[in-house]
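Have a look at my_file18.cif; it's mmCIF, C-alpha atoms and all ligand atoms:
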data_final
loop_
_atom_site.label_atom_id
_atom_site.label_comp_id
_atom_site.auth_asym_id
_atom_site.auth_seq_id
_atom_site.Cartn_x
_atom_site.Cartn_y
_atom_site.Cartn_z
CA MET A 1 4.95 97.59 145.38
CA GLY A 2 4.04 100.23 147.96
CA ILE A 3 1.05 99.95 150.27
CA LEU A 4 -0.92 102.50 148.26
CA ASP A 5 -0.47 100.41 145.10
CA LYS A 6 -1.49 97.23 146.90
CA ILE A 7 -4.58 98.99 148.22
CA SER A 8 -5.63 100.25 144.81
CA GLU A 9 -5.03 96.78 143.27
CA ILE A 10 -7.33 95.17 145.81
CA GLU A 11 -9.93 97.90 145.45
CA LYS A 12 -9.92 97.33 141.70
CA GLU A 13 -10.26 93.60 142.10
CA ILE A 14 -13.19 94.06 144.48
CA THR A 15 -15.03 96.24 141.97
CA ARG A 16 -14.20 93.80 139.15
CA THR A 17 -15.55 90.83 141.09
CA GLN A 18 -19.23 90.16 140.64
CA LYS A 19 -21.03 89.69 143.91
CA ASN A 20 -22.68 86.26 144.14
CA LYS A 21 -22.68 83.08 146.17
CA ALA A 22 -19.60 81.71 144.37
CA THR A 23 -17.42 84.79 144.95
CA GLU A 24 -18.53 85.43 148.51
CA TYR A 25 -15.45 83.86 150.13
CA HIS A 26 -13.03 85.41 147.69
CA LEU A 27 -14.54 88.86 148.34
CA GLY A 28 -14.40 88.35 152.10
CA VAL A 29 -10.68 87.58 151.97
CA LEU A 30 -10.03 90.56 149.69
CA LYS A 31 -11.81 92.83 152.15
CA ALA A 32 -9.75 91.45 155.03
CA LYS A 33 -6.56 92.11 153.04
CA LEU A 34 -7.73 95.64 152.27
CA ALA A 35 -8.48 96.32 155.93
CA LYS A 36 -4.99 95.09 156.87
CA TYR A 37 -3.21 97.36 154.40
CA ARG A 38 -5.34 100.34 155.32
CA ALA A 39 -4.48 99.79 158.97
CA GLN A 40 -0.77 99.86 158.08
CA LEU A 41 -1.37 103.13 156.28
CA ILE A 42 -2.79 104.90 159.30
CA GLU A 43 -0.38 103.47 161.86
CA PRO A 44 1.84 106.25 163.22
CA SER A 45 5.07 106.26 161.23
CA GLY A 46 7.16 107.12 164.28
CA LYS A 47 8.38 110.51 163.13
CA LYS A 48 6.11 113.40 163.95
CA GLU A 49 4.42 114.97 160.99
CA LYS A 50 4.44 118.71 160.41
CA GLY A 51 1.45 120.72 161.49
CA GLU A 52 1.75 122.40 164.85
CA GLY A 53 -1.35 122.99 166.86
CA PHE A 54 -2.77 119.59 166.14
CA ASP A 55 -2.09 118.26 169.62
CA VAL A 56 -4.85 120.22 171.30
CA MET A 57 -5.61 119.36 174.92
CA LYS A 58 -8.97 117.81 175.52
CA SER A 59 -11.05 120.04 177.75
CA GLY A 60 -14.61 120.50 178.89
CA ASP A 61 -17.43 117.98 178.92
CA ALA A 62 -17.23 116.80 175.30
CA ARG A 63 -15.23 117.31 172.13
CA VAL A 64 -16.67 118.05 168.69
CA ALA A 65 -14.53 117.97 165.51
CA LEU A 66 -15.54 120.12 162.54
CA ILE A 67 -14.91 118.16 159.36
CA GLY A 68 -15.63 119.48 155.88
CA PHE A 69 -14.34 120.54 152.50
CA PRO A 70 -12.49 123.88 152.29
CA SER A 71 -14.59 127.04 152.50
CA VAL A 72 -17.84 125.44 153.63
CA GLY A 73 -17.90 127.79 156.63
CA LYS A 74 -16.28 125.83 159.47
CA SER A 75 -14.34 128.78 160.85
CA THR A 76 -17.36 131.05 160.48
CA LEU A 77 -19.26 128.63 162.72
CA LEU A 78 -16.49 128.62 165.35
CA ASN A 79 -16.47 132.43 165.31
CA THR A 80 -20.23 132.54 165.76
CA LEU A 81 -20.62 129.93 168.51
CA THR A 82 -17.51 130.56 170.62
CA ASP A 83 -15.37 133.46 171.91
CA THR A 84 -12.41 132.20 169.90
CA HIS A 85 -11.49 133.77 166.57
CA SER A 86 -10.41 131.71 163.58
CA GLU A 87 -9.56 133.42 160.30
CA SER A 88 -12.35 133.01 157.75
CA ALA A 89 -12.12 134.03 154.11
CA SER A 90 -13.44 133.21 150.67
CA TYR A 91 -10.29 131.35 149.54
CA GLU A 92 -9.75 127.63 150.23
CA PHE A 93 -7.43 126.36 152.99
CA THR A 94 -7.67 129.50 155.09
CA THR A 95 -7.38 127.42 158.24
CA LEU A 96 -4.12 125.48 158.51
CA THR A 97 -4.12 124.14 162.06
CA CYS A 98 -6.53 122.96 164.73
CA ILE A 99 -8.20 125.84 166.53
CA PRO A 100 -10.16 125.00 169.69
CA GLY A 101 -13.07 127.04 170.99
CA VAL A 102 -15.64 126.44 173.71
CA ILE A 103 -19.40 126.36 173.22
CA GLN A 104 -21.26 127.11 176.43
CA TYR A 105 -24.63 125.43 176.33
CA GLU A 106 -27.00 124.30 179.08
CA GLY A 107 -24.21 124.64 181.61
CA ALA A 108 -21.87 122.39 179.61
CA ASN A 109 -18.53 123.34 178.07
CA ILE A 110 -18.33 121.70 174.67
CA GLN A 111 -14.95 121.91 172.97
CA LEU A 112 -15.37 122.74 169.28
CA LEU A 113 -12.34 122.11 167.08
CA ASP A 114 -12.02 124.10 163.88
CA LEU A 115 -9.83 122.17 161.44
CA PRO A 116 -8.35 122.63 157.97
CA GLY A 117 -10.62 121.65 155.12
CA ILE A 118 -10.17 118.13 153.77
CA ILE A 119 -10.60 116.84 150.25
CA GLU A 120 -10.86 113.56 148.40
CA GLY A 121 -7.78 111.47 149.09
CA ALA A 122 -7.38 112.93 152.58
CA SER A 123 -7.14 109.45 154.09
CA GLN A 124 -4.11 108.77 151.90
CA GLY A 125 -2.41 111.92 153.07
CA LYS A 126 -3.63 114.60 150.68
CA GLY A 127 -3.43 118.08 152.19
CA ARG A 128 -3.49 117.81 155.97
CA GLY A 129 -5.99 115.00 155.72
CA ARG A 130 -4.24 112.53 157.94
CA GLN A 131 -3.75 115.00 160.77
CA VAL A 132 -7.34 116.14 160.52
CA ILE A 133 -8.57 112.56 160.59
CA ALA A 134 -6.35 111.78 163.57
CA VAL A 135 -8.08 114.59 165.47
CA ALA A 136 -11.51 113.37 164.40
CA ARG A 137 -10.75 109.99 165.99
CA THR A 138 -10.30 111.68 169.38
CA ALA A 139 -13.67 113.47 169.22
CA ASP A 140 -16.95 112.51 170.87
CA LEU A 141 -18.84 113.69 167.79
CA VAL A 142 -18.09 114.60 164.20
CA LEU A 143 -19.82 117.75 162.99
CA MET A 144 -19.64 117.35 159.24
CA MET A 145 -20.17 120.71 157.60
CA LEU A 146 -21.43 120.67 154.01
CA ASP A 147 -22.14 123.34 151.44
CA ALA A 148 -25.89 123.39 150.74
CA THR A 149 -25.26 124.71 147.22
CA LYS A 150 -23.41 121.49 146.37
CA GLY A 151 -26.03 118.90 147.22
CA GLU A 152 -24.94 115.50 148.57
CA ILE A 153 -21.65 114.95 146.74
CA GLN A 154 -19.41 116.30 149.52
CA ARG A 155 -21.12 114.15 152.08
CA LYS A 156 -20.59 110.91 150.12
CA LEU A 157 -16.93 111.72 149.45
CA LEU A 158 -16.11 112.56 153.06
CA GLU A 159 -17.99 109.56 154.42
CA LYS A 160 -15.82 107.38 152.20
CA GLU A 161 -12.61 109.03 153.42
CA LEU A 162 -13.56 108.48 157.06
CA GLU A 163 -14.83 104.96 156.38
CA THR A 164 -11.46 104.07 154.82
CA VAL A 165 -9.57 104.92 157.99
CA GLY A 166 -11.88 102.99 160.26
CA ILE A 167 -14.18 105.75 161.47
CA ARG A 168 -17.78 104.50 161.62
CA LEU A 169 -20.43 107.22 161.71
CA ASN A 170 -23.80 106.73 163.41
CA LYS A 171 -23.25 103.00 163.62
CA CYS A 172 -23.21 100.65 166.57
CA LYS A 173 -20.33 98.34 167.30
CA PRO A 174 -21.23 94.94 165.80
CA ASN A 175 -22.53 92.63 168.48
CA ILE A 176 -19.88 89.94 168.08
CA TYR A 177 -17.89 88.39 170.91
CA PHE A 178 -14.32 87.78 169.80
CA LYS A 179 -11.39 86.51 171.84
CA GLU A 180 -8.04 85.27 170.65
CA LYS A 181 -6.82 82.08 172.31
CA LYS A 182 -3.48 80.29 172.70
CA ALA A 183 -4.75 76.96 171.38
CA GLY A 184 -7.87 75.01 170.51
CA GLY A 185 -8.55 76.19 166.97
CA ILE A 186 -11.47 78.38 166.05
CA ALA A 187 -14.66 77.93 168.03
CA PHE A 188 -17.50 79.48 166.07
CA ASN A 189 -21.04 80.02 167.32
CA SER A 190 -24.03 82.23 166.74
CA THR A 191 -27.19 83.04 168.65
CA CYS A 192 -29.22 83.91 165.56
CA LEU A 193 -29.65 82.97 161.92
CA LEU A 194 -26.75 84.27 159.82
CA THR A 195 -27.56 85.35 156.27
CA LYS A 196 -24.44 87.33 155.33
CA CYS A 197 -21.56 85.39 156.84
CA ASP A 198 -20.77 81.78 157.82
CA GLU A 199 -18.17 79.74 159.68
CA LYS A 200 -16.02 79.09 156.63
CA LEU A 201 -15.82 82.78 155.74
CA VAL A 202 -15.03 83.71 159.34
CA GLN A 203 -12.17 81.20 159.31
CA MET A 204 -10.79 82.49 156.03
CA ILE A 205 -10.85 86.07 157.28
CA LEU A 206 -9.17 85.06 160.53
CA HIS A 207 -6.46 83.17 158.64
CA GLU A 208 -5.80 86.29 156.61
CA TYR A 209 -5.05 87.96 159.96
CA LYS A 210 -2.93 84.92 160.96
CA ILE A 211 -5.35 84.08 163.74
CA PHE A 212 -5.77 80.31 164.16
CA ASN A 213 -7.13 80.06 167.70
CA ALA A 214 -10.08 82.14 168.79
CA GLU A 215 -13.58 82.15 170.16
CA VAL A 216 -16.18 83.84 167.95
CA LEU A 217 -19.81 84.37 168.84
CA PHE A 218 -22.15 86.26 166.49
CA ARG A 219 -24.98 87.77 168.53
CA GLU A 220 -26.55 89.42 165.46
CA ASP A 221 -26.68 88.89 161.70
CA CYS A 222 -23.45 90.70 160.83
CA SER A 223 -21.77 91.07 157.44
CA PRO A 224 -18.16 90.05 156.68
CA ASP A 225 -17.24 93.77 156.77
CA GLU A 226 -18.62 94.07 160.27
CA PHE A 227 -16.69 91.00 161.38
CA ILE A 228 -13.50 92.51 159.94
CA ASP A 229 -14.27 95.69 161.91
CA VAL A 230 -14.30 93.64 165.11
CA ILE A 231 -10.94 91.96 164.53
CA ALA A 232 -9.26 95.04 163.06
CA ARG A 233 -9.54 96.75 166.48
CA ASN A 234 -8.67 100.28 165.30
CA ARG A 235 -12.27 101.20 164.59
CA VAL A 236 -13.99 104.13 166.26
CA TYR A 237 -17.76 104.51 166.39
CA LEU A 238 -18.83 108.15 166.49
CA PRO A 239 -22.09 109.98 166.28
CA CYS A 240 -22.14 112.39 163.35
CA LEU A 241 -24.28 115.46 162.76
CA TYR A 242 -24.42 116.70 159.18
CA ALA A 243 -24.80 120.48 158.95
CA PHE A 244 -25.67 121.94 155.56
CA ASN A 245 -24.44 125.53 155.66
CA LYS A 246 -25.17 128.50 153.35
CA ILE A 247 -28.89 127.80 153.08
CA ASP A 248 -29.25 131.50 152.27
CA GLN A 249 -27.92 130.54 148.83
CA VAL A 250 -30.45 127.86 147.87
CA SER A 251 -34.20 127.67 147.24
CA ILE A 252 -36.63 126.97 150.04
CA GLU A 253 -37.51 123.66 148.34
CA GLU A 254 -33.88 122.57 148.46
CA VAL A 255 -33.57 123.63 152.12
CA ASP A 256 -36.64 121.56 152.88
CA ARG A 257 -35.27 118.54 151.03
CA LEU A 258 -31.88 118.69 152.79
CA ALA A 259 -33.47 119.19 156.20
CA ARG A 260 -35.34 115.91 155.81
CA GLN A 261 -32.17 113.81 155.51
CA PRO A 262 -31.34 111.73 158.60
CA PHE A 263 -28.92 113.19 161.21
CA THR A 264 -29.08 116.52 159.42
CA VAL A 265 -29.51 120.16 160.34
CA VAL A 266 -29.61 123.08 157.88
CA VAL A 267 -28.01 126.42 158.85
CA SER A 268 -26.57 129.65 157.65
CA CYS A 269 -23.57 130.69 159.73
CA ASN A 270 -23.29 134.09 158.07
CA MET A 271 -26.93 134.94 158.63
CA LYS A 272 -27.12 133.09 161.98
CA LEU A 273 -30.05 130.97 160.82
CA ASN A 274 -31.12 127.88 162.76
CA LEU A 275 -27.98 127.76 164.95
CA ASP A 276 -30.10 127.18 168.07
CA CYS A 277 -31.34 124.00 166.41
CA LEU A 278 -27.78 122.92 165.68
CA LEU A 279 -26.92 123.35 169.37
CA GLU A 280 -29.95 121.33 170.45
CA TYR A 281 -28.90 118.49 168.13
CA LEU A 282 -25.32 118.60 169.43
CA TRP A 283 -26.55 118.21 173.00
CA GLU A 284 -28.84 115.39 171.97
CA TYR A 285 -26.27 113.48 169.89
CA LEU A 286 -23.57 113.87 172.52
CA ALA A 287 -26.09 112.30 174.91
CA LEU A 288 -25.35 114.82 177.63
CA ILE A 289 -27.42 115.27 180.78
CA ARG A 290 -27.15 117.72 183.67
CA ILE A 291 -27.86 116.82 187.29
CA TYR A 292 -27.75 118.86 190.49
CA THR A 293 -26.48 117.93 193.91
CA LYS A 294 -27.75 119.23 197.20
CA LYS A 295 -26.75 119.08 200.84
CA ARG A 296 -29.14 117.90 203.54
CA GLY A 297 -31.63 120.61 204.51
CA GLN A 298 -30.48 122.94 201.75
CA SER A 299 -31.91 123.59 198.33
CA PRO A 300 -29.89 122.61 195.25
CA ASP A 301 -27.71 125.12 193.43
CA PHE A 302 -29.33 125.24 190.02
CA GLU A 303 -26.54 127.47 188.74
CA ASP A 304 -23.97 124.76 189.25
CA GLY A 305 -24.96 121.43 187.71
CA ILE A 306 -22.82 118.41 186.88
CA ILE A 307 -22.63 117.35 183.23
CA LEU A 308 -22.68 113.60 182.58
CA ARG A 309 -23.41 111.15 179.78
CA ARG A 310 -26.82 109.55 179.40
CA GLY A 311 -26.76 106.23 181.23
CA SER A 312 -24.56 107.52 184.05
CA THR A 313 -25.09 106.10 187.54
CA ILE A 314 -24.91 107.46 191.07
CA GLU A 315 -21.37 106.06 191.11
CA HIS A 316 -20.46 108.40 188.23
CA VAL A 317 -22.04 111.27 190.15
CA CYS A 318 -19.89 110.44 193.20
CA HIS A 319 -16.73 110.32 191.09
CA SER A 320 -17.43 113.66 189.53
CA ILE A 321 -17.83 115.24 192.98
CA HIS A 322 -14.72 113.67 194.49
CA ARG A 323 -12.77 110.44 194.10
CA SER A 324 -13.03 109.58 197.81
CA ILE A 325 -16.82 109.78 198.10
CA VAL A 326 -17.58 106.23 196.96
CA SER A 327 -15.72 104.78 199.95
CA VAL A 328 -17.98 106.60 202.45
CA PHE A 329 -21.18 106.28 200.39
CA LYS A 330 -24.22 104.91 202.26
CA TYR A 331 -27.09 105.72 199.90
CA ALA A 332 -28.39 108.59 197.79
CA LEU A 333 -31.71 110.42 197.76
CA VAL A 334 -33.00 111.31 194.31
CA TRP A 335 -35.66 113.80 193.25
CA GLY A 336 -36.53 113.61 189.56
CA THR A 337 -37.69 111.48 186.66
CA SER A 338 -35.34 108.53 187.23
CA THR A 339 -37.27 107.35 190.29
CA LYS A 340 -40.83 106.24 190.97
CA TYR A 341 -41.31 108.73 193.78
CA SER A 342 -39.31 111.70 195.04
CA PRO A 343 -37.21 111.52 197.00
CA GLN A 344 -36.26 107.89 196.64
CA ARG A 345 -33.39 106.02 198.30
CA VAL A 346 -31.07 104.46 195.73
CA GLY A 347 -27.71 102.70 195.54
CA LEU A 348 -24.57 103.28 193.47
CA GLN A 349 -25.87 101.46 190.39
CA HIS A 350 -28.99 103.62 189.99
CA VAL A 351 -29.10 105.32 186.57
CA VAL A 352 -29.81 109.04 186.79
CA ASN A 353 -31.84 111.22 184.40
CA HIS A 354 -31.45 114.72 183.04
CA GLU A 355 -32.27 117.34 185.74
CA ASP A 356 -32.35 114.89 188.65
CA VAL A 357 -31.46 116.34 192.07
CA ILE A 358 -29.20 114.12 194.17
CA GLN A 359 -28.25 114.11 197.82
CA ILE A 360 -25.44 111.77 198.85
CA VAL A 361 -25.76 110.31 202.36
CA LYS A 362 -22.45 109.20 203.86
CA LYS A 363 -21.72 106.43 206.36
N1 LIG A 401 -23.51 132.71 151.72
C1 LIG A 401 -22.93 132.26 152.82
N2 LIG A 401 -21.61 132.29 152.93
C2 LIG A 401 -21.04 131.82 154.06
C3 LIG A 401 -21.82 131.30 155.11
N3 LIG A 401 -20.98 130.89 156.09
C4 LIG A 401 -19.73 131.17 155.66
N4 LIG A 401 -19.76 131.73 154.43
C5 LIG A 401 -18.61 132.21 153.63
O1 LIG A 401 -17.86 131.12 153.15
C6 LIG A 401 -16.49 131.48 153.04
C7 LIG A 401 -15.62 130.47 153.72
O2 LIG A 401 -15.82 130.53 155.11
P1 LIG A 401 -14.78 129.92 156.12
O3 LIG A 401 -15.37 130.04 157.49
O4 LIG A 401 -13.44 130.49 155.91
O5 LIG A 401 -14.78 128.40 155.66
P2 LIG A 401 -13.87 127.18 156.18
O6 LIG A 401 -14.68 125.97 156.03
O7 LIG A 401 -13.33 127.49 157.52
O8 LIG A 401 -12.69 127.19 155.09
P3 LIG A 401 -11.20 126.60 155.19
O9 LIG A 401 -10.61 127.00 156.50
O10 LIG A 401 -10.50 127.21 154.05
O11 LIG A 401 -11.35 125.13 155.05
C8 LIG A 401 -16.36 132.88 153.63
O12 LIG A 401 -16.32 133.81 152.57
C9 LIG A 401 -17.63 133.03 154.46
O13 LIG A 401 -18.04 134.36 154.57
C10 LIG A 401 -23.24 131.31 154.97
O14 LIG A 401 -24.00 130.88 155.85
N5 LIG A 401 -23.74 131.76 153.80
K K A 402 -12.03 129.52 153.60
MG MG A 403 -11.44 127.58 158.19
#

Re-express the file's structure as structure tokens.
Amino acid sequence: MGILDKISEIEKEITRTQKNKATEYHLGVLKAKLAKYRAQLIEPSGKKEKGEGFDVMKSGDARVALIGFPSVGKSTLLNTLTDTHSESASYEFTTLTCIPGVIQYEGANIQLLDLPGIIEGASQGKGRGRQVIAVARTADLVLMMLDATKGEIQRKLLEKELETVGIRLNKCKPNIYFKEKKAGGIAFNSTCLLTKCDEKLVQMILHEYKIFNAEVLFREDCSPDEFIDVIARNRVYLPCLYAFNKIDQVSIEEVDRLARQPFTVVVSCNMKLNLDCLLEYLWEYLALIRIYTKKRGQSPDFEDGIILRRGSTIEHVCHSIHRSIVSVFKYALVWGTSTKYSPQRVGLQHVVNHEDVIQIVKK
């Protein structure tokens, strides 16, 4: 039996099995098995698959992958937001490779990757699904483009495809400490009440993975699926923005309904409607900030900021100026919203805010 057959057997058994207290353990083990086989499916086979242009160099401050069914308007968006041209047409599978463009926004260079359309079964290799998904894993954000005239179906189908290959959208990593050990059996602990998972189930799942010695600490009330995500290791957690395109084709009531969904923006690429809003969301979801540096006695150059991630520290600022700066760093002066007063003297661990002005004082 091939892996695909094994996977579909297990999937069938999971749907057949009624969910209740008595089947909980059985289901947990089935899910662990499923996760194992799926991981084998996406492991690189060694030989390079066809599809040139898929190894695109990462560049700029962040990378966004355009994922969607054929002909939803992905290439039209790339053509509208960047200087790059990607063929767009009314027939499906117009785009056959990965085409990178650059969005310039708020002083940041955001790499936007136009990709071939994907369809149901993409995760199992239909069309160029596997290559497209491999690119999505390298992105900082998935921009899922959907056809507003088709309601929510496309979204559900694509979410399932990405879910299957271990891509988690708009989800946090489960707060579970997990460490494999050489000996000592399985040490299980939790810091909160667990309602979805227990020690026995954790052990059974670990045995499925042939893990017999490990330390496990649940710091939140996680499900068996979330625990499997932690031990499976190949999971990626990405923010996702859903963009419903072609709103020029649906009623105002439908536009309003779609726009109210979480993590969603409604646009028309052809008619250039609401694209400024899409860009604002991208900036927000990528968690980008821009700071300025200045030299002593001079005013900052507001034309030339440094783009960082939210949560970055003075140490990150130093590194993005030059590798050697940290070794001669004495303190920094900060003007902006991250300090109580301006300027304020801070150390390397100080977290900076959007639009802060920073002066590095050397030893
Ligand atoms: N009505 C309408 N049509 C649009 C809009 N945006 C794109 N289209 C049309 O949709 C068709 C497909 O556009 P593409 O940009 O080629 O779509 P794609 O997602 O790149 O398609 P593939 O590369 O084949 O996956 C073209 O005929 C576009 O003109 C829009 O906002 N409204
Ligand atoms: K097309
Ligand atoms: Mg295209």

Pairwise distance, atom P3 of ligand LIG 401 (chain A) with CA of Val255 in chain A, equals 22.8 Å

message = For a quick check of your reading of the model, name the residues lying within 12 Å of the coordinate (-25.4, 107.3, 197.5), counting all atoms listed in the file, and write them as a PyMOL selection string.
response = chain A and resi 293+313-319+321+325-334+344-352+358-363

- Task: Go through A:Gln104, A:Thr15, A:Ser251, A:Gln111 one by one, measure the shortest atom-to-atom distance of each to Val56 in chain A using only C-alpha atoms, and give the residue with the smallest value.
- Result: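 Ranked by minimum distance to Val56 in chain A, first place goes to A:Gln111.
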
- Within 8 Å of ligand K 402 (chain A), counting only C-alpha atoms and all ligand atoms, which protein or nucleic acid residues do you find, written as a list in words? Pro70, Ser71, Val72, Gly73, Ser75, Ser88, Ala89, Ser90, Tyr91, Glu92, Phe93, Thr94 and Thr95 of chain A

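Computed from the coordinates, the atom C4 of ligand LIG 401 (chain A) to CA of Ile99 in chain A distance equals 16.7 Å.
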
Answer as a list in words, residues within 12 Å of (-18.9, 107.8, 156.1) using all atoms listed in the file: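 Residues satisfying the cut-off, written out: Ile67, Val142, Met144, Gln154, Arg155, Lys156, Leu157, Leu158, Glu159, Lys160, Glu161, Leu162, Glu163, Thr164, Val165, Gly166, Ile167, Arg168, Leu169, Asn170, Lys171, Val236, Tyr237, Leu238, Pro239, Cys240, Leu241 and Tyr242 of chain A.
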
**Request:** Have a look at A:Ile231, A:Ile42, A:Ile7, A:Leu77 and name the one nearest to Ala122 in chain A; count all atoms listed in the file.
**Result:**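 Ranked by minimum distance to Ala122 in chain A, first place goes to A:Ile42.
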
Here CA of Gly305 in chain A and CA of Ala287 in chain A stand apart by 15.8 Å

Q: All residues within 10 Å of ligand LIG 401 (chain A) are required, counting all atoms listed in the file; please report them as a PyMOL selection string.
A: chain A and resi 66-80+86-97+114-119+145-149+244-250+266-273
